[in-house]
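The block underneath contains the structure these notes are about, expressed in structure tokens.
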Amino acid sequence: MHLKDYEFWFVVDSQSLYGPEVLKTVAARAAEMAEKLNASGNLPCRLVYKVTAKSNEEITAVVKEANYDDRCAGIVTWCHTFSPSKMWINGLAGLQKPYCHFATQYNREIPNEEIDMDFMNLNQAAHGDREHGFIAARLRMPRKVIAGYWQDEEVQKRIGSWMRAAVGAAFSRGLKVMRFGDNMRQVAVTEGDKVEAQMKLGWQVNTWPVGELVEQMEAVTKEEIDALMETYRASYDFATDDLDTVRYQAREEIAMKRMMDAEGCRAFSNTFQDLYGMRQLPGLASQHLMAQGYGYGGEGDWKVAAMTAILKAMSEGQTGGTAFMEDYTYHLEKGREYSLGAHMLEVCPSVAAERPRIEVHPLGIGDREAPARLVFEGHEGDAIVVSLIDMGGRLRLICQDIHCVKPILPMPNLPVARVMWQAEPNLTTGVECWITAGGAHHTVLSYDVTAEQMQDWADMMDIEFVHISRDTTPEKLRQQLLVNDLVWKLK
Ligand code: MN
């Protein structure tokens with residue numbers, strides 16, 4: 001399913017105490033609000049007005065329906081009038097979808113002359129939303145609270161942003177990851193508990209032998225490779241005459257895509273230590289698959305592969321770009337301090353500032369032929385880097401705010417795609433915080449997904465979230481990690 005195929009259900013609260021006229025008005029306004037929110041262009045998915053609920057039974061029924069409807073990626077609640085919230089207990093106790101409490105009201109202003117007790121009875125969201133907020137707090141429900149006037153663009157965009165996080169949650173729960181071979185030998189951070197990941201995040205992570213991929217590669221036809229070469233020509237500049245090498249990458253891409261599509265996998269990992277029967281490490285092949293929305297992780301890193309796919313699903317239709325990334329090296333000149341991110345080959349061209357070039361260069365490790373890869377610079381702009389690590393007994397998601405710049409050096413002899421950035425709160429404090437939290441060298445870098453969306457997603461998946469921002473200090477972070485360790489042992 002694509003982003004636009006999902007919908008969210010608008011469930012409005014009221015009660016019978018005010019008589020049928022009030023209930024009719026509430027229902028009509030709720031439908032109007034959903035319609036106008038959809039017309040605003042600020043919601044990536046449709047908001048469907050579902051019910052003006054007045055009883056435990058109505059709420060329980062709509063929650064059951066939401067749980068079992070694959071198109072429904074979450075519910076949005078609001079109280080037009082006062083509405084007693086004990087009637088939500090049974091429903092919320094069974095809710096399995098993301099939940100946003102939208103605290104708004106139909107009218108923007110208090111009408112000076114017209115306001116009387118009838119107006120007050122009909123328009124008391126300030127009252128009703130507090131009652132509704134209490135019950136979710138009492139039930140310890142993970143939920144998003146968004147307050148503001150429903151016709152304000154900024155408020156609409158916040159709902160839209162939360163919707164994308166919720167679609168990320170739905171996508172996560174159905175995600176399958178194809179591992180070609182195991183992890184790079186001896187590496188710690190790419191390991192993890194795949195059973196825990198499936199319990200919490202829904203991921204089905206399984207391994208396929210490289211020999212099967214080689215068989216699939218041998219079955220790829222000349223015509224299929226010709227067609228993909230045309231696609232490469234349409235998107236990239238050829239800075240090589242070694243077409244055989246580029247064609248070999250096309251063969252790898254077609255075979256990997258075929259295997260993933262047959263299994264319904266949207267992410268994959270491989271490792272240069274297990275290329276048995278392959279002539280090249282997939283470079284261009286992995287990059288072009290990422291450009292099509294597949295998640296990738298190098299050295300068998302299935303966690304970052306899955307996260308890359310999820311952030312791509314969350315940001316579908318946006319144009320900033322999302323890529324598998326690795327922290328490589330620093331520029332530590334005083335006052336001009338930057339991180340240089342890259343990978344051996346596999347950075348997604350969605351983050352490129354200019355048209356990528358296909359180049360062929362030898363690869364120092366892996367003991368294979370020189371592979372074709374896309375070479376480019378990442379573009380400028382605010383972004384985040386995200387790392388999911390297994391703490392043993394729980395998963396921790398670490399997110400850092402960064403500002404990408406045009407690389408300050410041309411680096412003409414660097415044969416890979418590269419992105420340069422300044423991390424928050426600054427390079428060295430940011431590194432201290434990242435290392436203290438245990439963040440990996442592999443990350444997902446996204447110009448589209450925000451830290452708030454990652455926080456929302458982590459809440460939906462019930463995993464720990466650590467945000468390194470301009471306000472982070474090592475002292476505060478250490479304190480947070482200490483408290484988190486206790487909290488997550490109790491949970
Ligand atoms: Mn790596």
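Residues in the structure tokens are named by chain (A, B, ... in the order shown) and by number from 1 within that chain; ligands are numbered from 1 in the order shown.
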
For the contact check between chain A and ligand 1, emit one row per residue of chain A within 10 Å, containing the shortest atom pair and the distance in Å rounded to one decimal, counting only C-alpha atoms and all ligand atoms, chain then rising number order, as a tab-separated table.
```
residue	atom	partner	partner_atom_place_in_ligand_line	distance
A:Met184	CA	ligand 1	1 (Mn)	9.2
A:Thr190	CA	ligand 1	1 (Mn)	9.5
A:Thr271	CA	ligand 1	1 (Mn)	9.1
A:Phe272	CA	ligand 1	1 (Mn)	10.0
A:Gly297	CA	ligand 1	1 (Mn)	7.8
A:Gly298	CA	ligand 1	1 (Mn)	5.2
A:Glu299	CA	ligand 1	1 (Mn)	5.8
A:Gly300	CA	ligand 1	1 (Mn)	8.9
A:Asp301	CA	ligand 1	1 (Mn)	8.2
A:Phe324	CA	ligand 1	1 (Mn)	9.3
A:Met325	CA	ligand 1	1 (Mn)	8.0
A:Glu326	CA	ligand 1	1 (Mn)	6.0
A:Asp327	CA	ligand 1	1 (Mn)	8.6
A:Tyr328	CA	ligand 1	1 (Mn)	9.1
A:Ala342	CA	ligand 1	1 (Mn)	8.8
A:His343	CA	ligand 1	1 (Mn)	6.1
A:Met344	CA	ligand 1	1 (Mn)	7.0
A:Leu345	CA	ligand 1	1 (Mn)	9.3
A:Glu346	CA	ligand 1	1 (Mn)	8.9
A:Ala440	CA	ligand 1	1 (Mn)	9.8
A:His441	CA	ligand 1	1 (Mn)	7.2
A:His442	CA	ligand 1	1 (Mn)	6.1
A:Thr443	CA	ligand 1	1 (Mn)	9.4
```

* To do: Could you give me the residues within region 220-368 of chain A that DSSP places in strand (DSSP E or B), as a PyMOL selection string?
  => chain A and resi 237-238+267-269+295-297+322-333+336-342+352+357-360

* Write out as a ChimeraX atom specification each polymer residue whose atoms come within 8 Å of region 161-178 of chain A, counting only C-alpha atoms; drop sequence neighbours fewer than 4 positions from it. => /A:3,6,8,43-45,73-74,98,144,157,201-208,260,264-269,302,305-306,310-311,313-315,453-454,456-457,460-461

Pull C-alpha atoms from the residues just selected and write them as a CSV table (one decimal), in the first residue's frame.
```
chain,number,residue,atom,x,y,z
A,3,LEU,CA,0.8,6.6,1.5
A,6,TYR,CA,-4.2,4.9,3.9
A,8,PHE,CA,-7.5,8.1,9.3
A,43,LEU,CA,-3.0,16.1,4.9
A,44,PRO,CA,-1.1,13.3,3.0
A,45,CYS,CA,-4.0,10.8,3.7
A,73,ALA,CA,-3.7,3.8,9.8
A,74,GLY,CA,-5.0,5.6,13.0
A,98,PRO,CA,-2.0,5.1,16.4
A,144,LYS,CA,-0.2,12.5,20.1
A,157,LYS,CA,0.5,20.4,8.7
A,201,LEU,CA,8.2,-3.4,15.1
A,202,GLY,CA,6.6,-6.2,13.1
A,203,TRP,CA,9.6,-6.8,10.9
A,204,GLN,CA,10.1,-10.3,9.4
A,205,VAL,CA,13.8,-10.5,8.9
A,206,ASN,CA,15.1,-13.6,7.2
A,207,THR,CA,18.1,-14.8,5.3
A,208,TRP,CA,18.4,-16.1,1.7
A,260,MET,CA,12.5,-9.2,-3.0
A,264,GLY,CA,7.1,-9.1,-0.7
A,265,CYS,CA,10.4,-7.7,0.8
A,266,ARG,CA,10.9,-3.9,0.9
A,267,ALA,CA,14.4,-3.9,2.4
A,268,PHE,CA,17.6,-5.9,2.0
A,269,SER,CA,21.1,-6.2,3.4
A,302,TRP,CA,19.2,-5.3,8.6
A,305,ALA,CA,17.9,-1.4,6.0
A,306,ALA,CA,14.5,-1.6,7.6
A,310,ILE,CA,10.4,3.0,6.8
A,311,LEU,CA,11.6,6.6,6.5
A,313,ALA,CA,7.6,5.1,3.2
A,314,MET,CA,6.9,8.0,5.7
A,315,SER,CA,8.2,10.6,3.3
A,453,GLN,CA,7.9,12.3,13.4
A,454,MET,CA,10.6,9.9,14.7
A,456,ASP,CA,5.9,9.9,17.3
A,457,TRP,CA,6.9,6.7,15.5
A,460,MET,CA,3.6,4.2,18.4
A,461,MET,CA,6.1,1.3,18.3
```

* Asked: Tell me, which residues of region 95-252 of chain A carry DSSP alpha helix (DSSP H), written as a VMD selection string?
  -> chain A and resid 117 to 122 125 to 138 153 to 173 194 to 201 210 to 218 222 to 235 243 to 252

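Of the listed residues A:Lys334, A:His2, A:Arg394, A:His127, the one whose atoms come nearest to Gly192 (chain A) is A:Arg394, with distances taken using only C-alpha atoms.
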
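Comparing the minimum interatomic distances between Leu23 (chain A) and each of A:Leu397, A:Phe82, A:Gln273, A:Gln287, counting only C-alpha atoms, we find that A:Phe82 sits nearest.
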
* To do: Would you list the contacts of Gly293 (chain A) as a count of residues only, taking every protein, DNA or RNA residue within 7 Å and counting only C-alpha atoms, but skipping same-chain residues closer than 2 positions in sequence?
  => 6

* To do: Name all residues at most 9 Å from Gly211 (chain A) (count only C-alpha atoms; drop same-chain ones fewer than 3 positions away) and give them as a list of chain:residue names.
  => A:Trp208, A:Val214, A:Glu215, A:Gln216, A:Leu275, A:Tyr276, A:Gly277, A:Met278

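Proximity of A:Pro362, A:Gly393, A:Pro474, A:Pro111 to Thr428 (chain A), computed with only C-alpha atoms, is greatest for A:Pro474.
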
* Asked: Any idea what the distance is between CA of Arg373 (chain A) and CA of Leu445 (chain A)?
  -> 19.0 Å

* Asked: Nearest to Ala234 (chain A): which of A:Pro356, A:Pro282, A:Pro20, A:Gly128 is it, counting only C-alpha atoms?
  -> A:Pro356

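For the pair CA of Thr25 (chain A) and CA of Asp116 (chain A), the separation is 16.8 Å.
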
* To do: Check the smallest atom-to-atom distance from each of A:Thr104, A:Gln96, A:Thr429, A:Thr472 to Glu337 (chain A) using only C-alpha atoms, then report the winner.
  => A:Thr429

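Nearest-residue note for Lys24 (chain A): choosing from A:Leu374, A:Ile115, A:Leu122, A:Cys72, the minimum distance belongs to A:Leu122, counting only C-alpha atoms.
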
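CA of Gln480 (chain A) lies 13.2 Å from CA of Trp434 (chain A).
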
List as a CSV table (one decimal) with C-alpha atoms, in the first residue's frame the protein and nucleic acid residues near Lys54 (chain A), meaning an atom at most 10 Å away when only C-alpha atoms are counted, but skip any in the same chain fewer than 6 places from it.
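Okay, this is what ended up in out_4.csv:
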```csv
chain,number,residue,atom,x,y,z
A,12,VAL,CA,-15.9,12.9,17.6
A,13,ASP,CA,-17.3,12.8,21.1
A,14,SER,CA,-20.5,14.1,22.6
A,15,GLN,CA,-23.3,12.9,24.8
A,16,SER,CA,-27.1,12.8,24.6
A,17,LEU,CA,-27.7,15.3,27.5
A,23,LEU,CA,-25.9,16.1,18.2
A,83,SER,CA,-18.4,14.2,26.8
A,84,PRO,CA,-17.9,11.8,29.7
A,85,SER,CA,-14.8,9.8,29.0
A,87,MET,CA,-17.1,5.5,27.9
A,88,TRP,CA,-13.7,5.4,26.2
```
